[in-house]
Amino acid sequence: MLYAGLDLSRKRLDVRLLDASGATVLETTAPPDVDGLRGLTRRIGRLDDEVLAAIESMNGARFVHDELERAGWSVEIADALKVKGLAPLACKTDRIDAWVLAELARRDLVPAIWLPDPRVRAERERARFRLHLVRHRSSLKHRIHAVLLAHGRPCPVSDLFGVAGRELLERLDVPEPWRTNVEASLRMLDHLADEISSIEADLRRLGADHPYVPILTTAPGIAWILGFTIAAEIGDISRFAAADKLVGYTGLCARVYQSGESDRRGPLSKQGPKCLRWALLEASTHACRHPVYRDRYQHTKRRLGKHRGPKVAQIDIARRLGHAIWWMLSRNQPFAPRGATQSLAA
């Protein structure tokens with residue numbers, strides 16, 4: 001068995017190949033494209049031995065993983081933060097990183113991450129691209145509001161981009177180039193609205209056949225868009241042994257600093273998928289008004305005061321939703337909190 005460490009950058013893949021004793025067999029580089037990876041596998045294939053490789057998680061690592069596994073290698077994608085914790089180095093170069101990954105593979109210490117299958121990856125891309133477009137739309141709307149504010153123009157309508165708001169913007173009298181910028185922003189908003197509607201139609205169609213989405217939509221604050229996003233980001237619920245594992249994956253748990261008798265809690269870890277964290281926080285804004293969570297939300301908000309209270313209380317409800325989601329998906333049952341009446345569980 002040979003053990004390969006792969007350090008990926010934009011234009012180069014550094015490779016360190018070790019044997020079972022840890023001795024270096026080969027140290028080389030290759031372009032991180034199809035032809036470069038095929039050439040690398042042919043060169044190492046002449047050694048006529050199985051290869052176990054490790055590569056850090058980053059953009060492009062999944063492509064390298066797929067190409068090398070097609071060539072017969074066994075490849076694991078390592079969590080970059082955990083690799084740094086396992087092997088802190090005073091001197092860090094691409095060649096050293098490749099050697100560290102090869103050594104971790106040889107010692108069977110690679111902190112491998114879970115890899116979603118192509119179906120889950122496609123679901124994630126659809127949900128994440130919709131969120132990307134929605135954020136662009138919000139940015140354009142904020143910019144138009146800023147133009148009105150900068151020129152002292154009032155906004156007497158509740159929705160500046162509804163029918164009455166559009167009529168107000170058509171009569172808007174501001175100097176150039178702000179006038180042209182507003183018109184261009186409105187055109188882009190119309191185009192984004194069409195694209196978002198098209199993606200949402202796909203999400204609704206795919207979500208109807210998804211095993212998780214109909215269950216998730218029974219929880220407070222979760223409609224079908226958030227349900228599809230949460231289902232795509234979770235992937236397979238069986239990979240989480242307990243509800244706390246799922247909540248930790250969301251990054252909504254506090255960092256823990258322990259040393260001897262010292263035990264301190266820091267800010268949120270914010271690890272894991274950003275879209276999953278966003279979806280749970282979005283759902284919590286509505287769930288905090290639901291009878292199941294309303295009293296807990298109000299109690300936490302009052303206890304912590306008006307400055308920190310609302311934000312911390314919302315995060316607390318998001319974590320509670322994470323626990324509920326784990327139980328719902330693990331048992332394949334709709335939302336039904338303990339001790340709730342039939343009307344609250346419905």
# chains A, B, ... in the order shown; residues from 1 in each chain; ligands from 1

$ select_by_dssp --residues "stretch 179-236 of chain A" --states "alpha helix (DSSP H)" --output "VMD selection string"
chain A and resid 179 to 208 213 to 216 224 to 234

$ closest_residue --among "A:Gly248, A:Gly272, A:Gly309, A:Pro214" --to "A:Ile113" --atoms "only C-alpha atoms"
A:Gly272

$ residues_around --residues "A:Thr41" --least-positions-apart "3" --cutoff "8 Å" --atoms "only C-alpha atoms" --output "number ranges by chain"
A: 37-38, 44-45, 68, 71

$ residues_around --residues "A:Val312" --least-positions-apart "3" --cutoff "12 Å" --atoms "only C-alpha atoms" --output "list in words"
Leu252, Cys253, Ala254, Pro267, Leu268, Leu281, Ser284, Thr285, Cys288, Arg296, Tyr297, Gln298, His299, Thr300, Lys301, Arg302, Arg303, Leu304, Gly305, Lys306, His307, Arg308, Gly309, Ile315, Asp316, Ile317, Ala318 and Arg319 of chain A

$ residues_around --residues "stretch 119-129 of chain A" --least-positions-apart "4" --cutoff "7 Å" --atoms "only C-alpha atoms" --output "ChimeraX atom specification"
/A:133,229,232-233,235,275

$ residues_around --residues "A:Trp114" --least-positions-apart "3" --cutoff "12 Å" --atoms "only C-alpha atoms" --output "number ranges by chain"
A: 57, 62, 76-79, 111, 117, 120-121, 233-240, 249, 272

$ write_last_selection --atoms "N, CA and C atoms" --output "mmCIF file, in the first residue's frame"
data_model
loop_
_atom_site.group_PDB
_atom_site.id
_atom_site.type_symbol
_atom_site.label_atom_id
_atom_site.label_comp_id
_atom_site.auth_asym_id
_atom_site.auth_seq_id
_atom_site.Cartn_x
_atom_site.Cartn_y
_atom_site.Cartn_z
ATOM 1 N N SER A 57 -9.978 19.628 2.554
ATOM 2 C CA SER A 57 -11.238 20.135 2.014
ATOM 3 C C SER A 57 -11.076 21.588 1.590
ATOM 4 N N ARG A 62 -13.183 18.215 -4.295
ATOM 5 C CA ARG A 62 -14.124 17.158 -4.691
ATOM 6 C C ARG A 62 -13.851 16.697 -6.122
ATOM 7 N N GLU A 76 -9.551 10.247 0.540
ATOM 8 C CA GLU A 76 -10.322 10.834 1.628
ATOM 9 C C GLU A 76 -10.094 12.334 1.635
ATOM 10 N N ILE A 77 -11.183 13.093 1.851
ATOM 11 C CA ILE A 77 -11.078 14.548 1.978
ATOM 12 C C ILE A 77 -11.042 14.879 3.458
ATOM 13 N N ALA A 78 -9.977 15.546 3.883
ATOM 14 C CA ALA A 78 -9.750 15.815 5.300
ATOM 15 C C ALA A 78 -10.270 17.187 5.687
ATOM 16 N N ASP A 79 -10.811 17.296 6.893
ATOM 17 C CA ASP A 79 -11.226 18.570 7.457
ATOM 18 C C ASP A 79 -9.990 19.422 7.701
ATOM 19 N N PRO A 111 -8.796 13.026 9.399
ATOM 20 C CA PRO A 111 -10.134 13.438 9.863
ATOM 21 C C PRO A 111 -11.062 13.660 8.667
ATOM 22 N N ASP A 117 -23.641 12.485 -1.950
ATOM 23 C CA ASP A 117 -23.702 11.870 -3.275
ATOM 24 C C ASP A 117 -24.147 12.911 -4.301
ATOM 25 N N VAL A 120 -27.560 14.741 -3.678
ATOM 26 C CA VAL A 120 -27.551 15.727 -2.600
ATOM 27 C C VAL A 120 -26.771 16.971 -3.016
ATOM 28 N N ARG A 121 -25.675 16.776 -3.749
ATOM 29 C CA ARG A 121 -24.899 17.929 -4.221
ATOM 30 C C ARG A 121 -25.727 18.799 -5.155
ATOM 31 N N GLU A 233 -29.016 20.398 2.973
ATOM 32 C CA GLU A 233 -27.798 20.614 3.745
ATOM 33 C C GLU A 233 -27.538 19.475 4.724
ATOM 34 N N ILE A 234 -28.580 18.858 5.245
ATOM 35 C CA ILE A 234 -28.394 17.738 6.174
ATOM 36 C C ILE A 234 -27.953 16.494 5.428
ATOM 37 N N GLY A 235 -28.534 16.237 4.278
ATOM 38 C CA GLY A 235 -28.190 15.031 3.534
ATOM 39 C C GLY A 235 -28.847 13.811 4.146
ATOM 40 N N ASP A 236 -28.053 12.957 4.771
ATOM 41 C CA ASP A 236 -28.557 11.731 5.391
ATOM 42 C C ASP A 236 -28.569 11.931 6.901
ATOM 43 N N ILE A 237 -29.734 11.893 7.512
ATOM 44 C CA ILE A 237 -29.843 12.152 8.953
ATOM 45 C C ILE A 237 -29.173 11.062 9.763
ATOM 46 N N SER A 238 -29.000 9.875 9.215
ATOM 47 C CA SER A 238 -28.416 8.770 9.985
ATOM 48 C C SER A 238 -26.939 8.995 10.291
ATOM 49 N N ARG A 239 -26.298 9.957 9.649
ATOM 50 C CA ARG A 239 -24.888 10.216 9.953
ATOM 51 C C ARG A 239 -24.717 11.010 11.243
ATOM 52 N N PHE A 240 -25.811 11.466 11.837
ATOM 53 C CA PHE A 240 -25.767 12.156 13.128
ATOM 54 C C PHE A 240 -26.306 11.208 14.198
ATOM 55 N N TYR A 249 -23.281 20.489 14.213
ATOM 56 C CA TYR A 249 -22.967 20.611 12.788
ATOM 57 C C TYR A 249 -23.450 21.941 12.216
ATOM 58 N N GLY A 272 -19.628 24.409 9.877
ATOM 59 C CA GLY A 272 -20.691 23.737 9.167
ATOM 60 C C GLY A 272 -21.275 24.607 8.070
#

$ residues_around --residues "A:His210" --least-positions-apart "6" --cutoff "10 Å" --atoms "only C-alpha atoms" --output "NGL selection string"
:A and (204 or 227-228 or 231-232)
